[in-house]
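Structure file input.cif with mmCIF, C-alpha atoms:
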```cif
data_upload
loop_
_atom_site.group_PDB
_atom_site.id
_atom_site.type_symbol
_atom_site.label_atom_id
_atom_site.label_comp_id
_atom_site.auth_asym_id
_atom_site.auth_seq_id
_atom_site.Cartn_x
_atom_site.Cartn_y
_atom_site.Cartn_z
ATOM 1 C CA MET G 1231 2.190 10.317 -60.813
ATOM 2 C CA LYS G 1232 1.629 11.322 -57.201
ATOM 3 C CA PRO G 1233 0.734 8.990 -54.316
ATOM 4 C CA LYS G 1234 -2.976 8.872 -53.455
ATOM 5 C CA ASP G 1235 -2.582 10.792 -50.201
ATOM 6 C CA THR G 1236 -0.630 13.577 -51.931
ATOM 7 C CA ALA G 1237 -3.225 13.791 -54.698
ATOM 8 C CA ALA G 1238 -5.961 13.952 -52.064
ATOM 9 C CA ASP G 1239 -4.180 16.844 -50.305
ATOM 10 C CA ARG G 1240 -4.046 18.732 -53.592
ATOM 11 C CA ALA G 1241 -7.709 18.045 -54.343
ATOM 12 C CA LEU G 1242 -8.842 18.977 -50.829
ATOM 13 C CA ALA G 1243 -7.176 22.370 -51.110
ATOM 14 C CA ARG G 1244 -9.237 23.087 -54.235
ATOM 15 C CA LEU G 1245 -12.609 21.632 -53.247
ATOM 16 C CA PRO G 1246 -15.495 23.680 -51.901
ATOM 17 C CA PRO G 1247 -16.024 22.924 -48.195
ATOM 18 C CA GLU G 1248 -19.179 20.875 -48.767
ATOM 19 C CA HIS G 1249 -17.235 18.378 -50.899
ATOM 20 C CA ARG G 1250 -14.318 17.862 -48.512
ATOM 21 C CA PRO G 1251 -15.669 15.475 -45.829
ATOM 22 C CA ALA G 1252 -15.974 12.401 -48.062
ATOM 23 C CA LEU G 1253 -12.465 12.813 -49.492
ATOM 24 C CA GLU G 1254 -10.982 13.618 -46.068
ATOM 25 C CA HIS G 1255 -12.544 10.451 -44.676
ATOM 26 C CA ALA G 1256 -11.323 8.349 -47.602
ATOM 27 C CA GLN G 1257 -7.815 9.758 -47.209
ATOM 28 C CA GLN G 1258 -7.739 8.934 -43.494
ATOM 29 C CA LEU G 1259 -8.950 5.401 -44.176
ATOM 30 C CA TYR G 1260 -6.253 4.976 -46.832
ATOM 31 C CA LEU G 1261 -3.553 6.162 -44.446
ATOM 32 C CA ASN G 1262 -4.682 4.631 -41.162
ATOM 33 C CA CYS G 1263 -7.188 1.819 -41.508
ATOM 34 C CA PRO G 1264 -6.982 -1.797 -42.660
ATOM 35 C CA TYR G 1265 -9.557 -2.565 -45.352
ATOM 36 C CA SER G 1266 -11.391 -4.963 -43.034
ATOM 37 C CA GLU G 1267 -12.090 -2.072 -40.643
ATOM 38 C CA VAL G 1268 -13.338 0.486 -43.172
ATOM 39 C CA ASN G 1269 -16.522 2.183 -42.017
ATOM 40 C CA TRP G 1270 -18.579 4.920 -43.679
ATOM 41 C CA SER G 1271 -21.469 6.627 -41.931
ATOM 42 C CA ASP G 1272 -24.697 7.080 -43.874
ATOM 43 C CA ALA G 1273 -24.060 10.832 -43.923
ATOM 44 C CA LEU G 1274 -20.634 10.377 -45.525
ATOM 45 C CA ARG G 1275 -21.957 7.789 -47.989
ATOM 46 C CA ALA G 1276 -24.546 10.323 -49.122
ATOM 47 C CA GLN G 1277 -21.743 12.796 -49.911
ATOM 48 C CA VAL G 1278 -19.724 10.452 -52.131
ATOM 49 C CA ARG G 1279 -21.774 10.783 -55.355
ATOM 50 C CA PRO G 1280 -21.849 14.627 -55.260
ATOM 51 C CA HIS G 1281 -18.095 14.628 -54.599
ATOM 52 C CA VAL G 1282 -17.400 12.267 -57.514
ATOM 53 C CA GLU G 1283 -19.589 14.317 -59.839
ATOM 54 C CA ARG G 1284 -17.748 17.491 -58.792
ATOM 55 C CA ALA G 1285 -14.361 15.820 -59.339
ATOM 56 C CA GLU G 1286 -15.389 14.553 -62.778
ATOM 57 C CA TRP G 1287 -16.676 18.014 -63.739
ATOM 58 C CA SER G 1288 -13.421 19.621 -62.571
ATOM 59 C CA ALA G 1289 -11.282 17.070 -64.419
ATOM 60 C CA ARG G 1290 -13.177 17.640 -67.657
ATOM 61 C CA GLY G 1291 -12.710 21.390 -67.274
ATOM 62 C CA ALA G 1292 -8.971 20.972 -66.656
ATOM 63 C CA ALA G 1293 -8.626 18.730 -69.707
ATOM 64 C CA VAL G 1294 -10.298 21.346 -71.902
ATOM 65 C CA ALA G 1295 -8.253 24.268 -70.589
#
```
Kindly present the structure from the file in structure tokens form.
Amino acid sequence: MKPKDTAADRALARLPPEHRPALEHAQQLYLNCPYSEVNWSDALRAQVRPHVERAEWSARGAAVA
């Protein structure tokens, strides 16, 4: 199993550009920000659900292949 930041790097390299900002932000928070200081803009929050749906779709496709 890979560390979260390494897994995020791998996922970011494979994501379409429109799905990268939410994961990039989450990765930077994970690496550089105490939980008490976590902050998500409304624009980034709006991108989370589409990103998760894309990741779930990709994972299902990988499991089938």
Pull out every residue that the PyMOL selection byres ((chain G and resi 1244-1249) around 10) matches in the shown coordinates and put them as a list in words.
Ala1238, Asp1239, Arg1240, Ala1241, Leu1242, Ala1243, Arg1250, Pro1251, Ala1252, Leu1253, Glu1254, Gln1277, Val1278, Arg1279, Pro1280, His1281, Val1282, Arg1284, Ala1285 and Ser1288 of chain G
Residue nearest Tyr1260 in chain G - candidates G:Asp1235, G:Gly1291, G:Glu1286, G:Arg1275, atoms counted: all atoms listed in the file
G:Asp1235
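Atom pair CA of Ala1237 in chain G / CA of His1255 in chain G: separated by 14.1 Å.
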As an exercise, work out the distance from CA of Arg1290 in chain G to CA of Pro1233 in chain G in Å and give it to one decimal place.
21.1 Å
Two-atom distance - CA of Leu1259 in chain G, CA of Thr1236 in chain G (Å)
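Taking CA of Leu1259 in chain G and CA of Thr1236 in chain G, their separation equals 14.0 Å.
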Would you compute, for all listed atoms of range 1256-1265 of chain G, the axis-aligned bounding box grown by 6 Å on each side, and then report its centre and edge lengths in Å rounded to one decimal, as lines of an AutoDock Vina configuration file?
```
center_x = -7.4
center_y = 3.6
center_z = -44.4
size_x = 19.8
size_y = 24.3
size_z = 18.4
```
Can I get range 1237-1261 of chain G with N, CA, C and O atoms filled in, as a PDB file, in the frame of the given file?
```
ATOM      1  N   ALA G1237      -2.191  13.332 -53.765  1.00  0.00           N
ATOM      2  CA  ALA G1237      -3.225  13.791 -54.698  1.00  0.00           C
ATOM      3  C   ALA G1237      -4.460  14.260 -53.940  1.00  0.00           C
ATOM      4  O   ALA G1237      -5.074  15.266 -54.296  1.00  0.00           O
ATOM      5  N   ALA G1238      -4.812  13.551 -52.869  1.00  0.00           N
ATOM      6  CA  ALA G1238      -5.961  13.952 -52.064  1.00  0.00           C
ATOM      7  C   ALA G1238      -5.710  15.304 -51.407  1.00  0.00           C
ATOM      8  O   ALA G1238      -6.612  16.150 -51.368  1.00  0.00           O
ATOM      9  N   ASP G1239      -4.505  15.531 -50.895  1.00  0.00           N
ATOM     10  CA  ASP G1239      -4.180  16.844 -50.305  1.00  0.00           C
ATOM     11  C   ASP G1239      -4.379  17.954 -51.328  1.00  0.00           C
ATOM     12  O   ASP G1239      -4.948  19.004 -51.022  1.00  0.00           O
ATOM     13  N   ARG G1240      -3.922  17.726 -52.532  1.00  0.00           N
ATOM     14  CA  ARG G1240      -4.046  18.732 -53.592  1.00  0.00           C
ATOM     15  C   ARG G1240      -5.517  18.981 -53.924  1.00  0.00           C
ATOM     16  O   ARG G1240      -5.950  20.117 -54.066  1.00  0.00           O
ATOM     17  N   ALA G1241      -6.282  17.910 -54.033  1.00  0.00           N
ATOM     18  CA  ALA G1241      -7.709  18.045 -54.343  1.00  0.00           C
ATOM     19  C   ALA G1241      -8.457  18.737 -53.211  1.00  0.00           C
ATOM     20  O   ALA G1241      -9.303  19.602 -53.458  1.00  0.00           O
ATOM     21  N   LEU G1242      -8.153  18.374 -51.969  1.00  0.00           N
ATOM     22  CA  LEU G1242      -8.842  18.977 -50.829  1.00  0.00           C
ATOM     23  C   LEU G1242      -8.643  20.484 -50.782  1.00  0.00           C
ATOM     24  O   LEU G1242      -9.567  21.227 -50.439  1.00  0.00           O
ATOM     25  N   ALA G1243      -7.463  20.934 -51.131  1.00  0.00           N
ATOM     26  CA  ALA G1243      -7.176  22.370 -51.110  1.00  0.00           C
ATOM     27  C   ALA G1243      -8.003  23.128 -52.136  1.00  0.00           C
ATOM     28  O   ALA G1243      -8.217  24.335 -52.002  1.00  0.00           O
ATOM     29  N   ARG G1244      -8.497  22.436 -53.149  1.00  0.00           N
ATOM     30  CA  ARG G1244      -9.237  23.087 -54.235  1.00  0.00           C
ATOM     31  C   ARG G1244     -10.745  22.863 -54.177  1.00  0.00           C
ATOM     32  O   ARG G1244     -11.491  23.475 -54.910  1.00  0.00           O
ATOM     33  N   LEU G1245     -11.190  21.955 -53.315  1.00  0.00           N
ATOM     34  CA  LEU G1245     -12.609  21.632 -53.247  1.00  0.00           C
ATOM     35  C   LEU G1245     -13.384  22.647 -52.412  1.00  0.00           C
ATOM     36  O   LEU G1245     -12.881  23.155 -51.411  1.00  0.00           O
ATOM     37  N   PRO G1246     -14.636  22.895 -52.780  1.00  0.00           N
ATOM     38  CA  PRO G1246     -15.495  23.680 -51.901  1.00  0.00           C
ATOM     39  C   PRO G1246     -15.703  22.908 -50.591  1.00  0.00           C
ATOM     40  O   PRO G1246     -15.661  21.666 -50.590  1.00  0.00           O
ATOM     41  N   PRO G1247     -15.910  23.591 -49.505  1.00  0.00           N
ATOM     42  CA  PRO G1247     -16.024  22.924 -48.195  1.00  0.00           C
ATOM     43  C   PRO G1247     -17.047  21.788 -48.140  1.00  0.00           C
ATOM     44  O   PRO G1247     -16.807  20.783 -47.480  1.00  0.00           O
ATOM     45  N   GLU G1248     -18.145  21.914 -48.840  1.00  0.00           N
ATOM     46  CA  GLU G1248     -19.179  20.875 -48.767  1.00  0.00           C
ATOM     47  C   GLU G1248     -18.762  19.572 -49.434  1.00  0.00           C
ATOM     48  O   GLU G1248     -19.369  18.528 -49.214  1.00  0.00           O
ATOM     49  N   HIS G1249     -17.704  19.590 -50.222  1.00  0.00           N
ATOM     50  CA  HIS G1249     -17.235  18.378 -50.899  1.00  0.00           C
ATOM     51  C   HIS G1249     -16.001  17.762 -50.220  1.00  0.00           C
ATOM     52  O   HIS G1249     -15.512  16.732 -50.674  1.00  0.00           O
ATOM     53  N   ARG G1250     -15.532  18.356 -49.168  1.00  0.00           N
ATOM     54  CA  ARG G1250     -14.318  17.862 -48.512  1.00  0.00           C
ATOM     55  C   ARG G1250     -14.499  16.658 -47.594  1.00  0.00           C
ATOM     56  O   ARG G1250     -13.622  15.799 -47.547  1.00  0.00           O
ATOM     57  N   PRO G1251     -15.594  16.560 -46.822  1.00  0.00           N
ATOM     58  CA  PRO G1251     -15.669  15.475 -45.829  1.00  0.00           C
ATOM     59  C   PRO G1251     -15.491  14.063 -46.390  1.00  0.00           C
ATOM     60  O   PRO G1251     -14.786  13.250 -45.780  1.00  0.00           O
ATOM     61  N   ALA G1252     -16.096  13.761 -47.516  1.00  0.00           N
ATOM     62  CA  ALA G1252     -15.974  12.401 -48.062  1.00  0.00           C
ATOM     63  C   ALA G1252     -14.533  12.096 -48.451  1.00  0.00           C
ATOM     64  O   ALA G1252     -14.014  11.013 -48.150  1.00  0.00           O
ATOM     65  N   LEU G1253     -13.853  13.045 -49.090  1.00  0.00           N
ATOM     66  CA  LEU G1253     -12.465  12.813 -49.492  1.00  0.00           C
ATOM     67  C   LEU G1253     -11.542  12.789 -48.276  1.00  0.00           C
ATOM     68  O   LEU G1253     -10.618  11.973 -48.212  1.00  0.00           O
ATOM     69  N   GLU G1254     -11.787  13.643 -47.295  1.00  0.00           N
ATOM     70  CA  GLU G1254     -10.982  13.618 -46.068  1.00  0.00           C
ATOM     71  C   GLU G1254     -11.110  12.265 -45.375  1.00  0.00           C
ATOM     72  O   GLU G1254     -10.103  11.693 -44.926  1.00  0.00           O
ATOM     73  N   HIS G1255     -12.327  11.750 -45.308  1.00  0.00           N
ATOM     74  CA  HIS G1255     -12.544  10.451 -44.676  1.00  0.00           C
ATOM     75  C   HIS G1255     -11.834   9.345 -45.453  1.00  0.00           C
ATOM     76  O   HIS G1255     -11.156   8.503 -44.872  1.00  0.00           O
ATOM     77  N   ALA G1256     -11.981   9.361 -46.772  1.00  0.00           N
ATOM     78  CA  ALA G1256     -11.323   8.349 -47.602  1.00  0.00           C
ATOM     79  C   ALA G1256      -9.809   8.407 -47.437  1.00  0.00           C
ATOM     80  O   ALA G1256      -9.145   7.368 -47.344  1.00  0.00           O
ATOM     81  N   GLN G1257      -9.257   9.600 -47.379  1.00  0.00           N
ATOM     82  CA  GLN G1257      -7.815   9.758 -47.209  1.00  0.00           C
ATOM     83  C   GLN G1257      -7.366   9.179 -45.864  1.00  0.00           C
ATOM     84  O   GLN G1257      -6.365   8.463 -45.795  1.00  0.00           O
ATOM     85  N   GLN G1258      -8.110   9.454 -44.811  1.00  0.00           N
ATOM     86  CA  GLN G1258      -7.739   8.934 -43.494  1.00  0.00           C
ATOM     87  C   GLN G1258      -7.841   7.408 -43.452  1.00  0.00           C
ATOM     88  O   GLN G1258      -7.005   6.744 -42.841  1.00  0.00           O
ATOM     89  N   LEU G1259      -8.854   6.864 -44.100  1.00  0.00           N
ATOM     90  CA  LEU G1259      -8.950   5.401 -44.176  1.00  0.00           C
ATOM     91  C   LEU G1259      -7.746   4.831 -44.912  1.00  0.00           C
ATOM     92  O   LEU G1259      -7.151   3.839 -44.478  1.00  0.00           O
ATOM     93  N   TYR G1260      -7.394   5.425 -46.023  1.00  0.00           N
ATOM     94  CA  TYR G1260      -6.253   4.976 -46.832  1.00  0.00           C
ATOM     95  C   TYR G1260      -4.964   4.981 -46.004  1.00  0.00           C
ATOM     96  O   TYR G1260      -4.165   4.055 -46.076  1.00  0.00           O
ATOM     97  N   LEU G1261      -4.795   6.012 -45.212  1.00  0.00           N
ATOM     98  CA  LEU G1261      -3.553   6.162 -44.446  1.00  0.00           C
ATOM     99  C   LEU G1261      -3.526   5.342 -43.158  1.00  0.00           C
ATOM    100  O   LEU G1261      -2.452   4.932 -42.720  1.00  0.00           O
TER     101      LEU G1261
END
```
